[in-house]
Amino acid sequence: MRTRTAHIVWDWNGTLFHDIDAVMSATNAAFAEIGLEPITLERYRELYRVPIPRFYERLLGRRPTEAEWEHMDVVFHRHYRAHLARCALAEGAESLLASWQGAGGTQSILSMHGHDDLVPLVRGFGIEPRFVRVEGRRGPSGGSKREHMGRHLAELERELEGIRAGRTVVIGDALDDAEAARG
């Protein structure tokens with residue numbers, strides 16, 4: 001496949017997938033289990049950082065212990081999965097993806113959402129054929145997207161003619177997406 005346009009690497013959570021209600025519910029459920037007060041969406045946006053333990057550090061005033069982090073992560077994901085069925089694609093995402101593909105552009109997803117959960121979710125919305133690759137996090141949660149981005153682009157460059165890191169645009173909703181793009 002040869003492309004003369006830029007390749008787009010999309011973030012999933014909060015960008016193509018409108019899941020903020022699930023994120024807030026799961027975040028506050030995790031906080032409740034360790035005795036933290038619930039937070040508002042505004043406060044969440046103000047404090048949110050990746051890797052996620054940095055976000056918890058800003059809330060706790062200290063770095064969470066390994067046991068606290070693991071517990072909050074398990075609780076968050078349990079509650080998040082319970083809310084997923086009520087989430088949808090971001091408004092206009094489906095037509096935007098179709099338009100880019102129809103114009104000959106290539107696109108992929110790189111997400112910190114677990115790979116084994118991400119692929120069926122994307123497939124369930126019927127948009128998987130819009131992407132040359134759908135890739136989620138493999139391994140434990142809590143890390144940065146930067147190293148994953150390097151591998152993602154290297155594999156795309158190796159496998160698909162015309163895709164180059166220097167002609168790639170990253171579209172996401174968090175500082176971590178910008179840092180991954182810069183890397």
# chains A, B, ... in the order shown; residues from 1 in each chain; ligands from 1

call {"tool": "residues_around", "arguments": {"residues": "region 104-106 of chain A", "least_positions_apart": "3", "cutoff": "10 Å", "atoms": "only C-alpha atoms", "output": "number ranges by chain"}}
result
A: 1-9, 97-101, 130-133, 160, 162-163, 168

call {"tool": "select_by_dssp", "arguments": {"residues": "region 99-138 of chain A", "states": "helix (DSSP H, G or I)", "output": "PyMOL selection string"}}
result
chain A and resi 99-102+115-124+128-130

call {"tool": "closest_residue", "arguments": {"among": "A:Leu96, A:Ala154, A:Leu110, A:Val122", "to": "Glu135 (chain A)", "atoms": "only C-alpha atoms"}}
result
A:Leu110

call {"tool": "select_by_dssp", "arguments": {"residues": "region 70-115 of chain A", "states": "strand (DSSP E)", "output": "number ranges by chain"}}
result
A: 88-89, 107-114

call {"tool": "residues_around", "arguments": {"residues": "Phe31 (chain A)", "least_positions_apart": "4", "cutoff": "10 Å", "atoms": "only C-alpha atoms", "output": "number ranges by chain"}}
result
A: 25-27, 35-39, 56, 59, 72, 75-76

call {"tool": "write_last_selection", "arguments": {"atoms": "C-alpha atoms", "output": "CSV table (one decimal), in the first residue's frame"}}
result
chain,number,residue,atom,x,y,z
A,25,SER,CA,-17.3,6.2,37.8
A,26,ALA,CA,-14.4,3.7,37.9
A,27,THR,CA,-12.0,6.3,39.3
A,35,GLY,CA,-10.7,6.0,51.5
A,36,LEU,CA,-10.4,8.9,49.1
A,37,GLU,CA,-13.2,11.4,48.4
A,38,PRO,CA,-14.8,11.4,45.0
A,39,ILE,CA,-13.5,13.9,42.5
A,56,TYR,CA,-2.6,9.1,42.1
A,59,LEU,CA,-4.2,13.1,44.7
A,72,MET,CA,-6.7,0.6,42.7
A,75,VAL,CA,-10.8,-2.0,41.2
A,76,PHE,CA,-10.7,0.7,38.5

call {"tool": "atom_distance", "arguments": {"atom1": "CA of His18 (chain A)", "atom2": "CA of Arg123 (chain A)"}}
result
15.8 Å

call {"tool": "residues_around", "arguments": {"residues": "Lys145 (chain A)", "least_positions_apart": "5", "cutoff": "9 Å", "atoms": "only C-alpha atoms", "output": "PyMOL selection string"}}
result
chain A and resi 50-51+110-112+137+150+176-177+179-180

call {"tool": "write_last_selection", "arguments": {"atoms": "all heavy atoms", "output": "mmCIF file, in the first residue's frame"}}
result
data_model
loop_
_atom_site.group_PDB
_atom_site.id
_atom_site.type_symbol
_atom_site.label_atom_id
_atom_site.label_comp_id
_atom_site.auth_asym_id
_atom_site.auth_seq_id
_atom_site.Cartn_x
_atom_site.Cartn_y
_atom_site.Cartn_z
ATOM 1 N N VAL A 50 -0.002 10.717 33.161
ATOM 2 C CA VAL A 50 0.433 9.377 32.813
ATOM 3 C C VAL A 50 1.938 9.365 33.005
ATOM 4 O O VAL A 50 2.607 10.336 32.636
ATOM 5 C CB VAL A 50 0.060 9.056 31.344
ATOM 6 C CG1 VAL A 50 0.621 7.719 30.923
ATOM 7 C CG2 VAL A 50 -1.450 9.074 31.171
ATOM 8 N N PRO A 51 2.480 8.309 33.555
ATOM 9 C CA PRO A 51 1.861 7.090 34.022
ATOM 10 C C PRO A 51 0.862 7.357 35.152
ATOM 11 O O PRO A 51 1.041 8.280 35.949
ATOM 12 C CB PRO A 51 3.004 6.224 34.501
ATOM 13 C CG PRO A 51 4.269 6.875 34.030
ATOM 14 C CD PRO A 51 3.933 8.297 33.717
ATOM 15 N N LEU A 110 -3.395 3.232 18.417
ATOM 16 C CA LEU A 110 -2.451 2.812 19.445
ATOM 17 C C LEU A 110 -3.022 3.297 20.770
ATOM 18 O O LEU A 110 -3.212 4.495 20.972
ATOM 19 C CB LEU A 110 -1.057 3.401 19.234
ATOM 20 C CG LEU A 110 -0.062 3.005 20.329
ATOM 21 C CD1 LEU A 110 0.161 1.495 20.354
ATOM 22 C CD2 LEU A 110 1.251 3.740 20.166
ATOM 23 N N SER A 111 -3.327 2.358 21.639
ATOM 24 C CA SER A 111 -4.002 2.683 22.889
ATOM 25 C C SER A 111 -3.315 2.015 24.062
ATOM 26 O O SER A 111 -2.703 0.957 23.919
ATOM 27 C CB SER A 111 -5.454 2.186 22.810
ATOM 28 O OG SER A 111 -6.118 2.397 24.029
ATOM 29 N N MET A 112 -3.457 2.611 25.229
ATOM 30 C CA MET A 112 -2.994 1.989 26.458
ATOM 31 C C MET A 112 -4.093 1.119 27.063
ATOM 32 O O MET A 112 -3.930 0.546 28.127
ATOM 33 C CB MET A 112 -2.514 3.056 27.450
ATOM 34 C CG MET A 112 -1.287 3.822 26.942
ATOM 35 S SD MET A 112 0.098 2.771 26.472
ATOM 36 C CE MET A 112 0.712 2.319 28.079
ATOM 37 N N ARG A 137 -2.282 -1.915 24.689
ATOM 38 C CA ARG A 137 -1.196 -2.202 25.623
ATOM 39 C C ARG A 137 -1.102 -3.697 25.873
ATOM 40 O O ARG A 137 -2.094 -4.378 26.061
ATOM 41 C CB ARG A 137 -1.457 -1.477 26.951
ATOM 42 C CG ARG A 137 -0.508 -1.827 28.062
ATOM 43 C CD ARG A 137 -0.954 -1.248 29.403
ATOM 44 N NE ARG A 137 -2.367 -1.374 29.687
ATOM 45 C CZ ARG A 137 -2.970 -2.490 30.100
ATOM 46 N NH1 ARG A 137 -2.271 -3.597 30.267
ATOM 47 N NH2 ARG A 137 -4.267 -2.507 30.342
ATOM 48 N N GLY A 150 6.963 4.045 19.572
ATOM 49 C CA GLY A 150 8.144 3.729 18.780
ATOM 50 C C GLY A 150 8.031 2.366 18.113
ATOM 51 O O GLY A 150 8.313 2.219 16.916
ATOM 52 N N ASP A 176 0.157 12.558 27.470
ATOM 53 C CA ASP A 176 0.917 11.351 27.122
ATOM 54 C C ASP A 176 0.917 11.093 25.621
ATOM 55 O O ASP A 176 1.910 10.629 25.064
ATOM 56 C CB ASP A 176 0.348 10.148 27.881
ATOM 57 C CG ASP A 176 1.249 8.933 27.800
ATOM 58 O OD1 ASP A 176 2.482 9.075 28.013
ATOM 59 O OD2 ASP A 176 0.734 7.843 27.533
ATOM 60 N N ASP A 177 -0.182 11.407 24.942
ATOM 61 C CA ASP A 177 -0.241 11.251 23.482
ATOM 62 C C ASP A 177 0.735 12.205 22.809
ATOM 63 O O ASP A 177 1.436 11.826 21.871
ATOM 64 C CB ASP A 177 -1.660 11.500 22.974
ATOM 65 C CG ASP A 177 -2.660 10.498 23.513
ATOM 66 O OD1 ASP A 177 -2.412 9.279 23.379
ATOM 67 O OD2 ASP A 177 -3.680 10.931 24.086
ATOM 68 N N GLU A 179 3.455 13.492 24.179
ATOM 69 C CA GLU A 179 4.810 13.049 24.489
ATOM 70 C C GLU A 179 5.201 11.837 23.647
ATOM 71 O O GLU A 179 6.335 11.733 23.198
ATOM 72 C CB GLU A 179 4.933 12.742 25.975
ATOM 73 C CG GLU A 179 4.886 14.000 26.833
ATOM 74 C CD GLU A 179 4.816 13.725 28.331
ATOM 75 O OE1 GLU A 179 4.725 12.545 28.735
ATOM 76 O OE2 GLU A 179 4.842 14.715 29.072
ATOM 77 N N ALA A 180 4.246 10.964 23.397
ATOM 78 C CA ALA A 180 4.515 9.798 22.538
ATOM 79 C C ALA A 180 4.804 10.254 21.110
ATOM 80 O O ALA A 180 5.693 9.736 20.449
ATOM 81 C CB ALA A 180 3.332 8.835 22.551
#

call {"tool": "closest_residue", "arguments": {"among": "A:Ala93, A:Leu175, A:Ile127, A:Ala32", "to": "Arg45 (chain A)", "atoms": "only C-alpha atoms"}}
result
A:Leu175

call {"tool": "closest_residue", "arguments": {"among": "A:Trp10, A:Leu84, A:Val74, A:Pro64", "to": "His152 (chain A)", "atoms": "only C-alpha atoms"}}
result
A:Trp10
